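entry_20.tsv (TSV, C-alpha atoms)
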```
chain	number	residue	atom	x	y	z
W	1	MET	CA	88.54	141.16	125.92
W	2	LYS	CA	91.93	139.47	125.96
W	3	THR	CA	92.21	135.99	124.46
W	4	LYS	CA	93.45	133.51	127.04
W	5	LEU	CA	96.64	131.77	125.91
W	6	PRO	CA	96.70	127.96	126.07
W	7	ILE	CA	98.79	126.34	128.78
W	8	PHE	CA	101.07	123.45	127.83
W	9	ASN	CA	101.56	120.93	130.64
W	10	ILE	CA	104.92	119.25	130.42
W	11	ALA	CA	107.24	116.97	132.39
W	12	MET	CA	111.00	116.42	132.25
W	13	VAL	CA	112.84	113.10	132.51
W	14	ASP	CA	116.61	113.48	132.79
W	15	ASP	CA	119.15	112.18	135.30
W	16	HIS	CA	121.26	115.36	135.23
W	17	LYS	CA	119.61	117.54	137.88
W	18	MET	CA	121.63	120.66	137.05
W	19	PHE	CA	120.64	120.48	133.38
W	20	ARG	CA	117.01	119.76	134.30
W	21	THR	CA	116.88	122.68	136.72
W	22	GLY	CA	118.43	125.05	134.19
W	23	ILE	CA	116.02	124.09	131.40
W	24	ALA	CA	113.06	124.27	133.79
W	25	ALA	CA	114.07	127.79	134.86
W	26	LEU	CA	114.34	128.93	131.23
W	27	LEU	CA	111.02	127.34	130.24
W	28	ASN	CA	109.30	128.90	133.24
W	29	GLU	CA	110.00	132.28	131.62
W	30	TYR	CA	107.26	131.39	129.13
W	31	THR	CA	103.78	132.06	130.52
W	32	ASP	CA	102.26	129.24	128.45
W	33	ILE	CA	104.51	126.49	129.89
W	34	ASN	CA	103.57	124.64	133.06
W	35	ILE	CA	106.08	122.07	134.34
W	36	LEU	CA	104.08	119.48	136.26
W	37	PHE	CA	106.94	117.29	137.49
W	38	GLU	CA	110.51	116.13	136.95
W	39	ALA	CA	111.97	112.60	137.09
W	40	ASN	CA	115.50	111.20	137.17
W	41	ASN	CA	114.78	108.15	134.98
W	42	GLY	CA	112.08	105.94	133.52
W	43	ILE	CA	111.35	104.16	136.81
W	44	GLU	CA	110.71	107.44	138.60
W	45	LEU	CA	108.57	108.53	135.65
W	46	GLN	CA	106.42	105.40	136.02
W	47	ASN	CA	105.88	106.20	139.71
W	48	LYS	CA	104.89	109.82	139.08
W	49	ILE	CA	102.96	109.92	135.81
W	50	ALA	CA	99.69	108.56	137.23
W	51	LEU	CA	99.54	111.56	139.59
W	52	PHE	CA	99.56	113.99	136.66
W	53	PRO	CA	96.82	112.99	134.17
W	54	ASP	CA	96.98	116.38	132.41
W	55	THR	CA	100.53	115.84	131.11
W	56	GLN	CA	100.71	116.69	127.41
W	57	VAL	CA	104.42	116.56	126.59
W	58	ILE	CA	107.38	114.77	128.15
W	59	LEU	CA	110.94	115.89	127.44
W	60	MET	CA	112.85	112.62	127.44
W	61	ASP	CA	116.59	112.12	127.84
W	62	ILE	CA	118.08	108.92	126.37
W	63	ASN	CA	121.02	107.88	128.51
W	64	MET	CA	119.67	107.33	132.05
W	65	PRO	CA	120.25	104.69	134.74
W	66	HIS	CA	117.68	102.02	135.74
W	67	MET	CA	115.39	102.71	132.74
W	68	ASN	CA	116.74	104.62	129.74
W	69	GLY	CA	114.84	106.85	127.33
W	70	TYR	CA	114.16	104.11	124.78
W	71	MET	CA	112.52	101.86	127.36
W	72	ALA	CA	110.64	104.71	129.05
W	73	THR	CA	109.31	105.96	125.71
W	74	SER	CA	108.13	102.50	124.71
W	75	TRP	CA	106.40	102.06	128.10
W	76	LEU	CA	104.70	105.45	127.80
W	77	LYS	CA	103.41	104.72	124.31
W	78	THR	CA	101.88	101.49	125.58
W	79	ASN	CA	100.35	102.92	128.75
W	80	TYR	CA	99.80	106.61	127.94
W	81	PRO	CA	99.59	106.81	124.14
W	82	HIS	CA	98.03	110.30	124.22
W	83	ILE	CA	101.18	111.87	125.72
W	84	HIS	CA	103.62	113.37	123.21
W	85	ILE	CA	107.30	112.56	123.72
W	86	LEU	CA	110.12	114.84	122.66
W	87	ALA	CA	113.56	113.24	122.78
W	88	LEU	CA	115.96	115.80	124.25
W	89	SER	CA	119.43	114.38	123.77
W	90	MET	CA	123.10	115.14	123.11
W	91	TYR	CA	123.22	112.36	120.48
W	92	ASP	CA	122.75	113.38	116.85
W	93	ASP	CA	123.59	110.05	115.17
W	94	GLU	CA	121.09	108.19	113.01
W	95	GLN	CA	120.93	105.10	115.23
W	96	ALA	CA	119.84	107.07	118.30
W	97	ILE	CA	117.22	109.02	116.34
W	98	ILE	CA	115.83	105.89	114.67
W	99	LYS	CA	115.70	103.98	117.95
W	100	MET	CA	113.82	106.77	119.76
W	101	LEU	CA	111.34	107.28	116.92
W	102	LYS	CA	110.84	103.53	116.69
W	103	ALA	CA	110.13	103.45	120.43
W	104	GLY	CA	107.41	106.05	119.91
W	105	ALA	CA	108.96	109.53	120.24
W	106	ASN	CA	107.13	112.26	118.32
W	107	GLY	CA	110.19	114.41	117.75
W	108	TYR	CA	113.91	114.74	118.43
W	109	ILE	CA	115.90	117.80	119.48
W	110	LEU	CA	119.46	118.30	120.67
W	111	LYS	CA	120.24	119.59	124.15
W	112	GLU	CA	122.37	122.32	122.62
W	113	ALA	CA	119.31	123.85	120.90
W	114	GLU	CA	118.15	127.35	121.80
W	115	ILE	CA	115.41	127.52	124.45
W	116	SER	CA	113.18	129.27	121.90
W	117	GLU	CA	113.49	126.21	119.65
W	118	LEU	CA	112.54	123.92	122.53
W	119	HIS	CA	109.52	126.10	123.29
W	120	LYS	CA	108.50	125.96	119.64
W	121	ALA	CA	108.91	122.16	119.65
W	122	ILE	CA	106.58	121.76	122.65
W	123	ILE	CA	103.87	123.83	121.00
W	124	GLN	CA	104.19	121.99	117.68
W	125	LEU	CA	103.96	118.61	119.43
W	126	VAL	CA	100.68	119.54	121.10
W	127	GLU	CA	99.18	121.23	118.05
W	128	LYS	CA	100.35	118.84	115.31
W	129	GLY	CA	101.30	115.63	117.11
W	130	PHE	CA	104.92	115.74	115.92
W	131	TYR	CA	107.94	118.03	115.79
W	132	THR	CA	110.18	118.37	112.76
W	133	ASN	CA	113.64	119.86	112.29
W	134	ASP	CA	116.86	119.17	110.40
W	135	LEU	CA	117.27	115.84	112.21
W	136	VAL	CA	113.82	114.45	111.44
W	137	SER	CA	111.94	114.77	108.16
W	138	GLY	CA	108.42	116.13	108.42
W	139	ASN	CA	107.04	113.92	105.69
W	140	MET	CA	108.41	110.81	107.36
W	141	ILE	CA	106.94	111.66	110.77
W	142	ARG	CA	103.59	112.39	109.13
W	143	SER	CA	103.74	109.02	107.38
W	144	ILE	CA	103.44	107.38	110.80
W	145	GLN	CA	101.27	109.93	112.58
W	146	LYS	CA	98.81	110.82	109.82
W	147	ASP	CA	99.13	108.13	107.17
W	148	THR	CA	100.13	110.52	104.38
W	149	LEU	CA	102.28	107.96	102.58
W	150	THR	CA	101.07	104.66	101.17
W	151	THR	CA	102.67	101.57	99.76
W	152	GLY	CA	100.79	101.91	96.48
W	153	GLY	CA	102.94	100.65	93.63
W	154	VAL	CA	106.00	100.01	95.82
W	155	LYS	CA	107.41	96.53	95.29
W	156	LEU	CA	110.32	95.34	97.41
W	157	THR	CA	112.47	92.28	96.96
W	158	GLU	CA	113.22	89.94	99.87
W	159	LYS	CA	116.71	91.38	100.12
W	160	GLU	CA	115.39	94.93	100.15
W	161	ILE	CA	113.06	94.06	103.04
W	162	LEU	CA	115.98	92.49	104.91
W	163	PHE	CA	118.02	95.61	104.19
W	164	LEU	CA	115.20	97.74	105.65
W	165	GLN	CA	115.25	95.67	108.82
W	166	LEU	CA	119.01	96.04	109.11
W	167	CYS	CA	118.66	99.81	108.65
W	168	ALA	CA	116.64	99.88	111.88
W	169	SER	CA	119.47	98.18	113.76
W	170	GLU	CA	122.63	99.73	115.13
W	171	LEU	CA	124.80	98.08	112.46
W	172	THR	CA	127.14	100.16	110.33
W	173	TYR	CA	126.80	99.95	106.55
W	174	LYS	CA	129.86	97.69	106.44
W	175	GLU	CA	128.31	95.33	109.00
W	176	MET	CA	125.06	95.37	107.02
W	177	ALA	CA	126.99	94.42	103.89
W	178	ASP	CA	128.51	91.46	105.76
W	179	GLN	CA	125.07	90.33	106.94
W	180	LEU	CA	123.69	90.51	103.40
W	181	ASN	CA	126.83	88.93	101.96
W	182	ILE	CA	127.28	91.78	99.49
W	183	ALA	CA	130.01	94.34	98.77
W	184	VAL	CA	129.91	97.58	100.75
W	185	ARG	CA	129.37	99.55	97.53
W	186	SER	CA	126.21	97.49	96.94
W	187	VAL	CA	124.75	98.96	100.15
W	188	ASP	CA	124.78	102.35	98.42
W	189	ASN	CA	122.80	100.82	95.55
W	190	TYR	CA	120.19	99.46	97.98
W	191	SER	CA	120.01	102.84	99.70
W	192	ARG	CA	119.50	104.77	96.47
W	193	SER	CA	116.86	102.28	95.29
W	194	LEU	CA	114.92	102.50	98.54
W	195	PHE	CA	115.17	106.30	98.66
W	196	GLU	CA	113.64	106.39	95.19
W	197	LYS	CA	110.91	103.85	95.97
W	198	THR	CA	109.89	105.24	99.35
W	199	GLY	CA	110.48	108.94	98.84
W	200	ALA	CA	112.85	109.00	101.82
W	201	LYS	CA	116.03	111.07	101.88
W	202	SER	CA	117.95	109.36	104.67
W	203	ARG	CA	118.34	106.12	106.61
W	204	VAL	CA	116.03	107.56	109.26
W	205	GLY	CA	113.39	108.27	106.63
W	206	VAL	CA	113.58	104.76	105.19
W	207	VAL	CA	113.13	103.23	108.64
W	208	LEU	CA	110.12	105.44	109.40
W	209	TRP	CA	108.55	104.44	106.09
W	210	ALA	CA	109.15	100.77	106.94
W	211	LEU	CA	107.62	101.24	110.41
W	212	LYS	CA	104.51	102.83	108.97
W	213	ASN	CA	104.11	99.97	106.52
W	214	ASN	CA	104.62	97.25	109.13
W	215	LEU	CA	107.83	95.93	107.58
W	216	LEU	CA	109.75	95.87	110.84
W	217	ASN	CA	109.43	93.65	113.86
W	218	HIS	CA	108.65	95.82	116.87
```

Starting from the file, give its structure as structure tokens.
Amino acid sequence: MKTKLPIFNIAMVDDHKMFRTGIAALLNEYTDINILFEANNGIELQNKIALFPDTQVILMDINMPHMNGYMATSWLKTNYPHIHILALSMYDDEQAIIKMLKAGANGYILKEAEISELHKAIIQLVEKGFYTNDLVSGNMIRSIQKDTLTTGGVKLTEKEILFLQLCASELTYKEMADQLNIAVRSVDNYSRSLFEKTGAKSRVGVVLWALKNNLLNH
């Protein structure tokens, strides 16, 4: 007797219809993917999501009119916390990744990724609750999702906490140095110290650690 494969119910939120249609066509080649609906932006998502209670994963663009991906992700996490959100974006900079993860996204993938990678990401989101790749550290995502990191023994100075908060902003390191009234080279010292204390390997990782430990204002 053949084992029945699981079906993954997904939705797509992206204002570029041609891109959406192309990705939908490629994903429909997989027998375990079921696309429930598509939306042009966060407002349209709000109007449709209640009609599809079985939605498991939402592929979320960032730059959209009316309600962008950050706002839509935050709204979903408040109103439908069980739905997994995969940011599907052309942006690969730290600020965009941090902002989406801070809003509640469970993973981040670039639009230029292979369709097989996107398929893998959807499955991992449903099965593990998060998706990891070169952009997002697995340990850092798990620190929020599954509480695998603790603050045991980690002591931070006031300035280090302020530095953590600035890391979650869109400021450059030079702008952060100005805010802290320190030399730009001192920012590297703060970074290295926090990497060592938190176990993070990047600015994104430090911010995720801070989020997990309630050191940031949401």

Which is closer to Asn34 in chain W than all the others in W:Asp61, W:Asp54, W:Asp188, W:Glu114, using all atoms listed in the file?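 Residue with the minimum atom-to-atom distance to Asn34 in chain W: W:Asp54.
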
Taking only C-alpha atoms into account, which of W:Ser89, W:Ser186, W:Ser193, W:Asn40 comes nearest Gly107 in chain W? W:Ser89

Atom pair CA of Ala183 in chain W / CA of Lys159 in chain W: separation (Å):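 Computed distance, CA of Ala183 in chain W to CA of Lys159 in chain W, equals 13.7 Å.
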
With all atoms listed in the file as the counted atoms, please give the residues lying no more than 10 Å from Leu125 in chain W, apart from itself and same-chain residues fewer than 5 positions off, as a PDB file with C-alpha atoms, in the frame of the given file.
```pdb
ATOM      1  CA  GLN W  56     100.710 116.690 127.410  1.00  0.00           C
ATOM      2  CA  VAL W  57     104.420 116.560 126.590  1.00  0.00           C
ATOM      3  CA  ILE W  83     101.180 111.870 125.720  1.00  0.00           C
ATOM      4  CA  HIS W  84     103.620 113.370 123.210  1.00  0.00           C
ATOM      5  CA  ILE W  85     107.300 112.560 123.720  1.00  0.00           C
ATOM      6  CA  LEU W  86     110.120 114.840 122.660  1.00  0.00           C
ATOM      7  CA  ASN W 106     107.130 112.260 118.320  1.00  0.00           C
ATOM      8  CA  GLY W 107     110.190 114.410 117.750  1.00  0.00           C
ATOM      9  CA  LYS W 120     108.500 125.960 119.640  1.00  0.00           C
ATOM     10  CA  PHE W 130     104.920 115.740 115.920  1.00  0.00           C
ATOM     11  CA  TYR W 131     107.940 118.030 115.790  1.00  0.00           C
ATOM     12  CA  THR W 132     110.180 118.370 112.760  1.00  0.00           C
TER      13      THR W 132
END
```

Using only C-alpha atoms, which of the listed residues (W:Thr21, W:Gln165, W:Asn41, W:Asn9) sits closest to Ile58 in chain W?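 Ranked by minimum distance to Ile58 in chain W, first place goes to W:Asn9.
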
Can you list, as a ChimeraX atom specification, every protein, DNA or RNA residue that comes within 10 Å of Arg185 in chain W when you count all atoms listed in the file, leaving out same-chain residues fewer than 4 positions away? /W:173-174,177,189-190

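CA of Asn68 in chain W to CA of Ile43 in chain W spans 8.9 Å [interatomic distance, one decimal].
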
Suppose you want the space between CA of Ile35 in chain W and CA of Ile10 in chain W; what is it in Å? 5.0 Å

Can you tell me, as a count of residues only, which residues sit within 6 Å of (118.2, 105.8, 100.2) in the file's frame, using all atoms listed in the file? 6

For Lys111 in chain W, list every protein, DNA or RNA residue within 12 Å, evaluated using all atoms listed in the file, and leave out those in the same chain fewer than 3 positions away; present the list as a ChimeraX atom specification. /W:14,16,19-20,22-23,59-62,86-92,108,114-115,117-118

I need the chosen residues saved as a PDB file, in the coordinates of the input, with C-alpha atoms.
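Result written to selection19.pdb:
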```
ATOM      1  CA  ASP W  14     116.610 113.480 132.790  1.00  0.00           C
ATOM      2  CA  HIS W  16     121.260 115.360 135.230  1.00  0.00           C
ATOM      3  CA  PHE W  19     120.640 120.480 133.380  1.00  0.00           C
ATOM      4  CA  ARG W  20     117.010 119.760 134.300  1.00  0.00           C
ATOM      5  CA  GLY W  22     118.430 125.050 134.190  1.00  0.00           C
ATOM      6  CA  ILE W  23     116.020 124.090 131.400  1.00  0.00           C
ATOM      7  CA  LEU W  59     110.940 115.890 127.440  1.00  0.00           C
ATOM      8  CA  MET W  60     112.850 112.620 127.440  1.00  0.00           C
ATOM      9  CA  ASP W  61     116.590 112.120 127.840  1.00  0.00           C
ATOM     10  CA  ILE W  62     118.080 108.920 126.370  1.00  0.00           C
ATOM     11  CA  LEU W  86     110.120 114.840 122.660  1.00  0.00           C
ATOM     12  CA  ALA W  87     113.560 113.240 122.780  1.00  0.00           C
ATOM     13  CA  LEU W  88     115.960 115.800 124.250  1.00  0.00           C
ATOM     14  CA  SER W  89     119.430 114.380 123.770  1.00  0.00           C
ATOM     15  CA  MET W  90     123.100 115.140 123.110  1.00  0.00           C
ATOM     16  CA  TYR W  91     123.220 112.360 120.480  1.00  0.00           C
ATOM     17  CA  ASP W  92     122.750 113.380 116.850  1.00  0.00           C
ATOM     18  CA  TYR W 108     113.910 114.740 118.430  1.00  0.00           C
ATOM     19  CA  GLU W 114     118.150 127.350 121.800  1.00  0.00           C
ATOM     20  CA  ILE W 115     115.410 127.520 124.450  1.00  0.00           C
ATOM     21  CA  GLU W 117     113.490 126.210 119.650  1.00  0.00           C
ATOM     22  CA  LEU W 118     112.540 123.920 122.530  1.00  0.00           C
TER      23      LEU W 118
END
```

If we count all atoms listed in the file, what is near Thr55 in chain W at a cut-off of 12 Å, once residues fewer than 5 positions away on the same chain are taken out, given as a PyMOL selection string? chain W and resi 7-12+33-38+45+48-50+76+80-85+122+126

Pick from W:Ala168, W:Met64, W:Ala72, W:Leu27, whichever lies nearest to Ala96 in chain W using all atoms listed in the file: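 Of the candidates, the smallest distance to Ala96 in chain W is held by W:Ala168.
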
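If you measure from each of W:Ile98, W:Ile182, W:Leu110, W:Val187 to Val204 in chain W using all atoms listed in the file, the closest one turns out to be W:Ile98.
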